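Reproduced below: start_11.cif, with mmCIF, C-alpha atoms.
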```
data_upload
loop_
_atom_site.label_atom_id
_atom_site.label_comp_id
_atom_site.auth_asym_id
_atom_site.auth_seq_id
_atom_site.Cartn_x
_atom_site.Cartn_y
_atom_site.Cartn_z
CA MET A 1 -39.58 26.40 -22.63
CA SER A 2 -36.54 26.48 -24.91
CA LYS A 3 -34.31 26.46 -21.83
CA ARG A 4 -36.11 23.35 -20.60
CA ARG A 5 -35.74 21.72 -23.99
CA SER A 6 -32.03 22.45 -24.04
CA HIS A 7 -31.77 20.89 -20.55
CA VAL A 8 -33.48 17.74 -21.82
CA LEU A 9 -31.17 17.61 -24.84
CA THR A 10 -28.15 18.09 -22.60
CA HIS A 11 -29.27 15.24 -20.37
CA ILE A 12 -29.91 12.92 -23.31
CA LEU A 13 -26.43 13.70 -24.57
CA LEU A 14 -24.95 13.07 -21.12
CA VAL A 15 -26.78 9.74 -20.82
CA LEU A 16 -25.44 8.74 -24.25
CA ILE A 17 -21.89 9.67 -23.25
CA CYS A 18 -22.26 7.75 -19.96
CA PHE A 19 -23.52 4.76 -21.92
CA LEU A 20 -20.55 4.91 -24.30
CA ILE A 21 -18.15 5.02 -21.33
CA ILE A 22 -19.86 2.29 -19.33
CA VAL A 23 -20.41 -0.25 -22.15
CA PRO A 24 -16.73 -1.33 -22.55
CA ILE A 25 -16.34 -1.65 -18.77
CA TYR A 26 -19.56 -3.65 -18.57
CA TRP A 27 -18.34 -5.88 -21.39
CA VAL A 28 -15.07 -6.59 -19.59
CA VAL A 29 -16.95 -7.53 -16.40
CA LYS A 30 -19.43 -9.64 -18.36
CA THR A 31 -16.71 -11.52 -20.26
CA SER A 32 -14.81 -12.14 -17.01
CA LEU A 33 -17.93 -13.80 -15.57
CA THR A 34 -19.10 -15.78 -18.60
CA GLY A 35 -16.08 -16.25 -20.86
CA GLU A 36 -18.26 -15.45 -23.85
CA ASN A 37 -16.08 -14.69 -26.83
CA LEU A 38 -15.82 -11.00 -27.62
CA PHE A 39 -16.60 -11.66 -31.27
CA ASN A 40 -19.73 -13.74 -30.68
CA TYR A 41 -22.57 -12.80 -32.96
CA PRO A 42 -25.21 -11.80 -32.07
CA PRO A 43 -23.73 -10.37 -28.87
CA SER A 44 -25.77 -10.99 -25.72
CA LEU A 45 -26.24 -8.11 -23.32
CA ILE A 46 -27.27 -10.21 -20.32
CA PRO A 47 -24.60 -12.59 -18.95
CA LYS A 48 -25.56 -16.27 -19.26
CA ASP A 49 -24.50 -18.65 -16.43
CA PRO A 50 -22.08 -16.25 -14.72
CA HIS A 51 -19.39 -17.77 -12.49
CA LEU A 52 -16.12 -16.82 -10.81
CA TYR A 53 -13.95 -19.67 -12.15
CA PHE A 54 -11.90 -17.41 -14.42
CA PHE A 55 -10.76 -15.44 -11.37
CA VAL A 56 -9.72 -18.75 -9.77
CA ASP A 57 -7.75 -19.64 -12.92
CA VAL A 58 -5.92 -16.31 -12.77
CA TYR A 59 -4.98 -16.95 -9.16
CA TYR A 60 -3.49 -20.38 -9.91
CA TRP A 61 -2.05 -20.01 -13.43
CA ILE A 62 0.40 -17.28 -12.46
CA PRO A 63 1.88 -16.38 -9.04
CA PHE A 64 -0.83 -13.75 -8.71
CA LEU A 65 -0.45 -13.11 -5.00
CA ARG A 66 3.29 -12.60 -5.33
CA PHE A 67 2.85 -10.20 -8.30
CA PHE A 68 0.10 -8.41 -6.41
CA MET A 69 2.25 -8.00 -3.28
CA ASN A 70 5.14 -6.71 -5.42
CA SER A 71 2.84 -4.13 -6.97
CA VAL A 72 1.49 -3.14 -3.54
CA ILE A 73 4.98 -2.79 -2.01
CA VAL A 74 6.33 -0.78 -4.95
CA SER A 75 3.23 1.45 -5.03
CA ALA A 76 3.44 2.01 -1.26
CA ILE A 77 7.11 3.08 -1.55
CA VAL A 78 6.24 5.37 -4.46
CA VAL A 79 3.24 6.96 -2.72
CA VAL A 80 5.00 7.58 0.62
CA SER A 81 8.20 8.91 -0.96
CA ASN A 82 6.22 11.17 -3.29
CA ILE A 83 4.31 12.72 -0.41
CA ILE A 84 7.51 13.37 1.57
CA PHE A 85 9.84 14.50 -1.23
CA ASN A 86 7.28 16.42 -3.26
CA ALA A 87 6.01 18.25 -0.17
CA MET A 88 9.57 19.22 0.72
CA ALA A 89 10.26 20.42 -2.83
CA GLY A 90 6.92 22.26 -3.06
CA PHE A 91 7.56 23.92 0.29
CA ALA A 92 11.06 25.01 -0.75
CA LEU A 93 9.72 26.46 -4.00
CA GLY A 94 7.42 28.69 -1.93
CA TYR A 95 10.45 30.68 -0.79
CA ASN A 96 12.21 33.28 -2.88
CA PHE A 97 15.83 32.38 -3.45
CA PRO A 98 18.41 32.95 -6.19
CA GLY A 99 17.98 30.52 -9.07
CA LYS A 100 14.37 29.66 -8.24
CA LYS A 101 13.18 30.45 -11.75
CA ILE A 102 15.92 28.34 -13.29
CA ILE A 103 14.95 25.41 -11.08
CA ILE A 104 11.28 25.75 -12.03
CA LEU A 105 12.21 26.00 -15.72
CA THR A 106 14.41 22.93 -15.38
CA TYR A 107 11.54 21.04 -13.77
CA LEU A 108 9.14 22.09 -16.50
CA SER A 109 11.54 21.17 -19.28
CA CYS A 110 12.24 17.80 -17.65
CA MET A 111 8.51 17.09 -17.77
CA MET A 112 8.71 17.22 -21.56
CA VAL A 113 11.37 14.50 -21.76
CA PRO A 114 9.72 11.09 -22.25
CA PHE A 115 10.77 8.41 -19.78
CA GLN A 116 11.78 6.04 -22.57
CA THR A 117 14.68 8.32 -23.51
CA THR A 118 16.09 8.20 -19.97
CA ILE A 119 15.79 4.46 -19.48
CA ILE A 120 19.45 3.62 -20.11
CA PRO A 121 20.89 6.15 -17.62
CA ALA A 122 18.14 5.20 -15.15
CA PHE A 123 19.09 1.54 -15.52
CA LEU A 124 22.81 2.28 -15.09
CA LEU A 125 22.15 4.37 -11.99
CA THR A 126 19.95 1.68 -10.48
CA LYS A 127 22.63 -0.90 -11.21
CA TYR A 128 25.28 1.36 -9.68
CA PHE A 129 23.24 1.57 -6.47
CA GLY A 130 22.84 -2.22 -6.48
CA LEU A 131 19.07 -1.96 -6.67
CA LEU A 132 18.38 -4.15 -9.72
CA ASN A 133 15.75 -6.78 -9.00
CA THR A 134 14.62 -5.08 -5.77
CA HIS A 135 11.41 -3.32 -4.72
CA LEU A 136 13.28 -0.09 -4.12
CA GLY A 137 14.80 -0.30 -7.60
CA LEU A 138 11.35 -0.82 -9.09
CA ALA A 139 10.12 2.30 -7.30
CA LEU A 140 13.19 4.45 -7.95
CA PRO A 141 12.19 6.37 -11.12
CA LEU A 142 8.90 7.39 -9.52
CA VAL A 143 10.01 8.33 -5.99
CA SER A 144 9.44 11.99 -6.87
CA THR A 145 7.35 13.32 -9.73
CA ILE A 146 7.50 16.86 -10.99
CA ILE A 147 3.82 17.45 -11.63
CA ASN A 148 3.06 16.51 -8.03
CA ILE A 149 5.69 18.94 -6.77
CA PHE A 150 3.69 21.68 -8.45
CA VAL A 151 0.45 20.33 -6.97
CA PHE A 152 2.00 20.76 -3.52
CA LYS A 153 3.43 24.16 -4.41
CA MET A 154 0.00 25.41 -5.52
CA ASN A 155 -1.56 24.17 -2.28
CA PHE A 156 1.15 25.68 -0.10
CA ASP A 157 0.91 29.00 -1.95
CA ALA A 158 -2.76 29.16 -0.92
CA VAL A 159 -1.87 28.93 2.80
CA PRO A 160 -1.97 32.44 4.39
CA HIS A 161 1.53 33.79 4.81
CA SER A 162 0.60 35.04 8.28
CA LEU A 163 0.62 31.42 9.49
CA HIS A 164 4.16 31.04 8.23
CA ASP A 165 5.23 34.28 9.90
CA ALA A 166 3.58 33.33 13.22
CA ALA A 167 5.35 29.96 13.20
CA ARG A 168 8.65 31.63 12.34
CA ILE A 169 8.26 34.13 15.25
CA ASP A 170 7.62 31.17 17.56
CA GLY A 171 10.94 29.76 16.39
CA MET A 172 9.63 26.82 14.44
CA ALA A 173 12.14 25.12 12.13
CA ASP A 174 11.30 24.73 8.43
CA TRP A 175 10.82 20.97 8.50
CA ARG A 176 8.48 21.18 11.52
CA MET A 177 6.57 23.99 9.83
CA LEU A 178 6.14 21.78 6.77
CA PHE A 179 5.00 18.67 8.61
CA ARG A 180 2.97 20.32 11.41
CA ILE A 181 1.34 23.26 9.60
CA TYR A 182 1.53 23.01 5.81
CA LEU A 183 0.95 19.28 5.24
CA PRO A 184 -2.19 19.03 7.44
CA LEU A 185 -3.62 21.91 5.40
CA ALA A 186 -2.76 20.25 2.08
CA ARG A 187 -5.02 17.19 2.22
CA PRO A 188 -6.30 17.63 -1.37
CA ALA A 189 -2.71 17.78 -2.60
CA ILE A 190 -1.88 14.62 -0.65
CA ALA A 191 -4.91 12.84 -2.14
CA THR A 192 -3.88 13.96 -5.64
CA ASN A 193 -0.37 12.66 -5.00
CA ILE A 194 -1.68 9.34 -3.72
CA ILE A 195 -3.97 8.73 -6.68
CA LEU A 196 -1.67 9.89 -9.47
CA THR A 197 1.46 8.17 -8.21
CA PHE A 198 -0.42 5.00 -7.27
CA VAL A 199 -1.88 4.72 -10.76
CA TRP A 200 1.46 5.43 -12.46
CA SER A 201 3.28 2.94 -10.31
CA TRP A 202 0.54 0.29 -10.54
CA ASN A 203 0.41 0.48 -14.35
CA ASN A 204 4.16 0.76 -14.90
CA PHE A 205 5.26 -1.86 -17.41
CA ILE A 206 8.48 -0.97 -19.17
CA TRP A 207 10.63 -0.23 -16.09
CA PRO A 208 9.81 -3.44 -14.17
CA LEU A 209 10.33 -5.38 -17.40
CA ILE A 210 13.85 -4.00 -17.69
CA ILE A 211 15.13 -4.27 -14.14
CA THR A 212 13.59 -7.52 -12.92
CA GLN A 213 15.34 -10.77 -13.71
CA ASP A 214 13.55 -13.07 -11.25
CA THR A 215 9.94 -14.01 -11.92
CA ILE A 216 9.10 -13.54 -8.24
CA MET A 217 10.04 -9.84 -8.43
CA ARG A 218 7.63 -9.06 -11.24
CA THR A 219 4.60 -6.81 -10.92
CA LEU A 220 1.03 -7.24 -12.17
CA PRO A 221 1.41 -5.64 -15.62
CA LEU A 222 4.24 -8.09 -16.34
CA GLY A 223 1.98 -10.86 -15.09
CA LEU A 224 -0.54 -9.79 -17.69
CA ALA A 225 2.06 -10.18 -20.43
CA ARG A 226 2.99 -13.62 -19.10
CA PHE A 227 -0.66 -14.53 -18.88
CA LEU A 228 -1.11 -13.83 -22.57
CA SER A 229 1.34 -16.63 -23.32
CA TYR A 230 -1.10 -19.11 -21.71
CA PHE A 231 -4.45 -17.85 -22.91
CA GLU A 232 -5.70 -16.29 -26.10
CA ASP A 233 -6.63 -12.63 -25.84
CA THR A 234 -10.38 -13.17 -25.97
CA SER A 235 -10.62 -15.61 -23.08
CA GLY A 236 -12.53 -15.02 -19.86
CA GLN A 237 -9.35 -15.50 -17.82
CA LEU A 238 -7.73 -12.49 -19.43
CA TYR A 239 -10.70 -10.25 -18.62
CA ALA A 240 -10.81 -11.59 -15.07
CA PHE A 241 -7.14 -10.70 -14.76
CA VAL A 242 -7.82 -7.18 -16.03
CA ILE A 243 -10.54 -6.74 -13.40
CA MET A 244 -8.20 -7.98 -10.66
CA VAL A 245 -5.51 -5.54 -11.78
CA ILE A 246 -7.70 -2.45 -12.02
CA ALA A 247 -9.85 -3.09 -8.93
CA PRO A 248 -7.30 -1.66 -6.44
CA ILE A 249 -6.92 1.50 -8.55
CA VAL A 250 -10.68 2.00 -8.63
CA VAL A 251 -10.89 1.47 -4.86
CA VAL A 252 -8.07 3.95 -4.15
CA PHE A 253 -9.72 6.52 -6.43
CA LEU A 254 -13.19 6.07 -4.93
CA MET A 255 -11.80 6.43 -1.42
CA ASN A 256 -10.02 9.69 -2.26
CA GLN A 257 -12.10 11.14 -5.09
CA LYS A 258 -13.44 14.18 -3.20
CA SER A 259 -10.01 15.29 -2.07
CA PHE A 260 -8.55 14.41 -5.48
CA ILE A 261 -10.96 16.66 -7.34
CA SER A 262 -10.47 19.57 -4.94
CA GLY A 263 -6.71 18.96 -5.16
CA MET A 264 -6.76 19.25 -8.92
CA MET A 265 -8.85 22.42 -8.68
CA SER A 266 -6.73 24.12 -6.00
CA GLY A 267 -4.87 27.05 -7.37
CA ALA A 268 -7.15 27.21 -10.41
CA VAL A 269 -8.81 30.45 -9.22
CA LYS A 270 -5.83 31.84 -7.38
CA GLY A 271 -5.37 35.42 -8.41
CA MET B 1 -7.29 18.51 21.21
CA SER B 2 -7.47 15.25 23.18
CA LEU B 3 -6.63 11.93 21.57
CA GLY B 4 -10.19 10.64 22.09
CA ARG B 5 -11.65 13.68 20.36
CA ARG B 6 -9.21 13.32 17.49
CA LEU B 7 -10.09 9.66 17.05
CA SER B 8 -13.80 10.39 17.12
CA ASP B 9 -13.40 13.15 14.52
CA PHE B 10 -11.34 10.81 12.35
CA GLY B 11 -14.01 8.11 12.68
CA ARG B 12 -16.79 10.51 11.70
CA GLU B 13 -14.92 11.86 8.68
CA ASN B 14 -13.88 8.43 7.40
CA LEU B 15 -16.87 6.27 8.36
CA GLY B 16 -17.49 5.04 4.79
CA ARG B 17 -13.85 4.12 4.26
CA ILE B 18 -13.61 2.36 7.62
CA VAL B 19 -16.81 0.36 6.92
CA PHE B 20 -15.48 -0.61 3.48
CA ILE B 21 -12.08 -1.73 4.79
CA VAL B 22 -13.64 -3.67 7.68
CA ALA B 23 -16.09 -5.37 5.27
CA VAL B 24 -13.26 -6.39 2.92
CA VAL B 25 -11.11 -7.70 5.78
CA LEU B 26 -14.08 -9.57 7.26
CA ALA B 27 -14.98 -11.13 3.89
CA LEU B 28 -11.35 -12.21 3.42
CA ALA B 29 -11.24 -13.69 6.92
CA ILE B 30 -14.46 -15.66 6.35
CA TRP B 31 -13.12 -16.94 3.02
CA ILE B 32 -9.80 -18.02 4.59
CA VAL B 33 -11.61 -19.86 7.39
CA HIS B 34 -13.89 -21.56 4.83
CA VAL B 35 -10.88 -22.65 2.76
CA ARG B 36 -9.02 -23.99 5.80
CA LEU B 37 -12.05 -26.04 6.85
CA ASN B 38 -12.55 -27.58 3.40
CA ASP B 39 -9.09 -28.16 1.98
CA ASP B 40 -8.53 -31.90 2.47
CA GLY B 41 -8.46 -32.50 -1.29
CA ILE B 42 -11.26 -35.08 -1.18
CA VAL B 43 -13.25 -35.64 -4.38
CA SER B 44 -16.06 -38.14 -4.02
CA GLY B 45 -19.16 -39.34 -5.83
CA VAL B 46 -21.29 -42.31 -6.85
CA VAL B 47 -21.29 -44.56 -9.91
CA LEU B 48 -24.65 -46.01 -11.02
CA ASN B 49 -25.79 -48.24 -13.84
CA GLU B 50 -28.58 -47.34 -16.25
CA GLU B 51 -31.19 -48.74 -13.83
CA GLY B 52 -29.97 -46.38 -11.12
CA GLU B 53 -28.31 -49.10 -9.02
CA PRO B 54 -24.85 -48.57 -7.51
CA VAL B 55 -22.00 -50.27 -9.34
CA ALA B 56 -19.24 -51.88 -7.33
CA GLY B 57 -15.71 -52.37 -8.69
CA ALA B 58 -15.96 -49.71 -11.40
CA THR B 59 -12.76 -47.84 -12.27
CA VAL B 60 -13.06 -44.07 -11.85
CA GLN B 61 -10.45 -41.90 -13.52
CA ILE B 62 -9.75 -38.25 -12.68
CA ARG B 63 -7.58 -36.19 -15.01
CA GLU B 64 -6.48 -32.61 -14.46
CA GLN B 65 -7.27 -30.06 -17.15
CA THR B 66 -3.83 -28.60 -17.65
CA LEU B 67 -1.32 -27.66 -20.32
CA ASN B 68 0.99 -30.31 -18.87
CA LEU B 69 0.08 -33.34 -20.96
CA LEU B 70 2.55 -35.57 -19.13
CA LYS B 71 0.52 -35.52 -15.92
CA GLU B 72 -0.86 -38.98 -15.30
CA PRO B 73 -4.53 -39.38 -14.37
CA ARG B 74 -5.42 -40.98 -11.03
CA THR B 75 -7.79 -43.90 -10.65
CA GLU B 76 -9.89 -45.41 -7.86
CA GLN B 77 -12.33 -48.31 -7.55
CA THR B 78 -15.91 -47.97 -6.33
CA ASP B 79 -17.02 -49.80 -3.18
CA GLU B 80 -20.17 -51.90 -2.59
CA GLN B 81 -22.35 -48.78 -2.49
CA GLY B 82 -20.87 -47.57 -5.77
CA ARG B 83 -19.01 -44.78 -3.95
CA PHE B 84 -15.51 -43.62 -4.79
CA VAL B 85 -13.23 -41.26 -2.90
CA PHE B 86 -10.08 -39.58 -4.20
CA LYS B 87 -7.81 -38.16 -1.50
CA ASP B 88 -5.18 -35.38 -1.75
CA ILE B 89 -6.44 -34.10 -5.07
CA GLU B 90 -4.59 -30.92 -6.04
CA MET B 91 -6.50 -29.78 -9.11
CA ILE B 92 -8.55 -26.77 -9.99
CA GLU B 93 -10.23 -28.14 -13.07
CA PHE B 94 -10.65 -31.82 -13.90
CA VAL B 95 -12.45 -34.35 -16.06
CA ILE B 96 -13.84 -37.43 -14.34
CA SER B 97 -15.15 -40.63 -15.83
CA ALA B 98 -15.97 -44.22 -14.84
CA LYS B 99 -16.02 -47.56 -16.65
CA LEU B 100 -16.52 -51.23 -15.95
CA GLU B 101 -15.94 -54.09 -18.34
CA GLY B 102 -19.23 -55.62 -19.38
CA VAL B 103 -21.35 -52.73 -18.02
CA GLY B 104 -20.14 -49.72 -19.95
CA ALA B 105 -18.60 -46.29 -19.51
CA SER B 106 -19.87 -42.97 -18.23
CA ALA B 107 -19.82 -39.54 -19.80
CA ARG B 108 -16.78 -37.36 -19.02
CA PRO B 109 -18.10 -34.31 -17.15
CA ARG B 110 -15.74 -31.44 -16.41
CA TYR B 111 -15.71 -29.71 -13.04
CA HIS B 112 -14.07 -26.56 -11.81
CA LEU B 113 -13.24 -25.88 -8.17
CA TYR B 114 -12.91 -22.59 -6.32
CA PHE B 115 -9.62 -23.38 -4.60
CA MET B 116 -6.85 -25.97 -4.60
CA ARG B 117 -7.60 -29.10 -2.52
CA GLN B 118 -11.28 -28.14 -2.22
CA ASN B 119 -13.44 -30.98 -0.88
CA PHE B 120 -15.92 -31.76 -3.62
CA GLU B 121 -18.86 -34.12 -3.92
CA LEU B 122 -19.94 -34.66 -7.53
CA PRO B 123 -23.38 -33.04 -7.88
CA GLU B 124 -24.54 -35.84 -10.20
CA PRO B 125 -23.69 -39.57 -10.22
CA LEU B 126 -21.58 -41.05 -13.01
CA VAL B 127 -23.96 -43.30 -14.95
CA LEU B 128 -22.45 -46.23 -16.85
CA LYS B 129 -24.01 -46.77 -20.25
CA ALA B 130 -23.29 -49.65 -22.55
CA SER B 131 -23.33 -47.47 -25.66
CA SER B 132 -20.83 -44.87 -24.46
#
```
Would you write the structure of this file as structure tokens?
Amino acid sequence: MSKRRSHVLTHILLVLICFLIIVPIYWVVKTSLTGENLFNYPPSLIPKDPHLYFFVDVYYWIPFLRFFMNSVIVSAIVVVSNIIFNAMAGFALGYNFPGKKIIILTYLSCMMVPFQTTIIPAFLLTKYFGLLNTHLGLALPLVSTIINIFVFKMNFDAVPHSLHDAARIDGMADWRMLFRIYLPLARPAIATNIILTFVWSWNNFIWPLIITQDTIMRTLPLGLARFLSYFEDTSGQLYAFVIMVIAPIVVVFLMNQKSFISGMMSGAVKG
Amino acid sequence: MSLGRRLSDFGRENLGRIVFIVAVVLALAIWIVHVRLNDDGIVSGVVLNEEGEPVAGATVQIREQTLNLLKEPRTEQTDEQGRFVFKDIEMIEFVISAKLEGVGASARPRYHLYFMRQNFELPEPLVLKASS
């Protein structure tokens, strides 16, 4: 009986937590459809006369499609390069070689350095390569991310070493071994890479702000900042814009969530 | 494993994703076709007097709702049936009104469109009232 009661209490608590998480999201969606001021009193829970005109305004008030395509191109470069480079790095870290510990320690210590402190050298390097104001330049700081290297390493460590040995006896080269054997077995790691790097790239604000000079090269978060110069921050257009910016992230996550969760868990119980 | 088998396995594993992507692409295609079929920029409607009769020769003014205050409004005259037609209208949100000396002026309703150059028939006639 007491076990049942504790189950009921747990579920009530979970429902309350779900409610607390869902309410702000619901409010954003509601405001984007009605334009009702956030500070209206008394607040109405049910949307009155919902319409999609605020989404239309977003589309026409800023070059939304251009910003959206910039974000898509930059995110695609980031996601593909992360999968390739991080897999290669994770695979290499599976071997024992002199200096491996130093490299891992360097990686770990680099993770503790905030990006803001490296902005000036990153900018100078990008300028040196002639990549200012380009999609590749926008993607450059995120083409490989350390945490995802470790996600791949953990996944590759879980692959039986006998597979590696069998491939080596058959004379398979390292790069073929990586792309034909290890990567197909590391789907959760790939999904984790896709989601994390996509979200980071999609939400990136400070780097695109620094290296883009032309309006047409800007990404969606910069569009949001520009949008705020037209509309006050409680307007329906702003909330519609927020929905349009986060929708692709939600879709990418929902399409990969199973693999993402197993990717994050892989290596957790490795003994 | 044969290519056919691989494709069928891929299809089975990713059915939900494939359905979602196809649905999104299909919805976009339908929307694009709809826009292309209705993007002549024609805004039309009828002007009536208080008795509900069509008013000929009334001046109808359409003004874009924009931050650009220098944009001039456009005007048209109604025909014998009280109808007016604006062509090549490139506005998303506008205010429209009508007036005729000696008869009166209409209210100034605001309309919002779903895309630029959308063909739009005013859902209600503009009614000229002496008091307005």
Quiz item: So how many Å separate atom CA of Pro24 of chain A and atom CA of Met69 of chain A, to one decimal?
Solution: 27.9 Å
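Here atom CA of Ile249 of chain A stands at a distance of 18.7 Å from atom CA of Trp27 of chain A.
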Self-check item: Nearest-residue call for chain A, choices B:Arg17, B:Arg6, B:Arg110, B:Lys129, using all atoms listed in the file
Solution: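 Using all atoms listed in the file, the shortest distance to chain A belongs to B:Arg17.
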Practice problem: To verify the selection step, state as a list in words which residues the PyMOL selection byres ((chain A) within 7 of (chain B)) yields on this input. | Solution: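 That selection, the PyMOL selection byres ((chain A) within 7 of (chain B)), comes back as Tyr53, Val56 and Met255 of chain A.
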Exercise. Extract, using all atoms listed in the file, all DNA, RNA and protein residues at most 8 Å from Ala107 of chain B, discarding same-chain residues fewer than 4 positions from it, and format them as number ranges by chain.
Key: B: 97-98, 126-128, 132
Quiz item: What separation in Å, quoted to one decimal, exists between atom CA of Ser259 of chain A and atom CA of Ala189 of chain A?
Solution: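 Computing the Euclidean distance for atom CA of Ser259 of chain A and atom CA of Ala189 of chain A yields 7.7 Å.
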Quiz prompt | Distance criterion (all atoms listed in the file): nearest to Asn204 of chain A out of A:Ala186, A:Lys127, A:Val23, A:Leu220 | solution = A:Leu220
Exercise. Compare A:Pro208, A:Pro160, A:Pro121, A:Pro43 by their minimum atom-to-atom distance to Asn70 of chain A, counting all atoms listed in the file, and give me the closest one.
Key: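 So, comparing all the options, the nearest one is A:Pro208.
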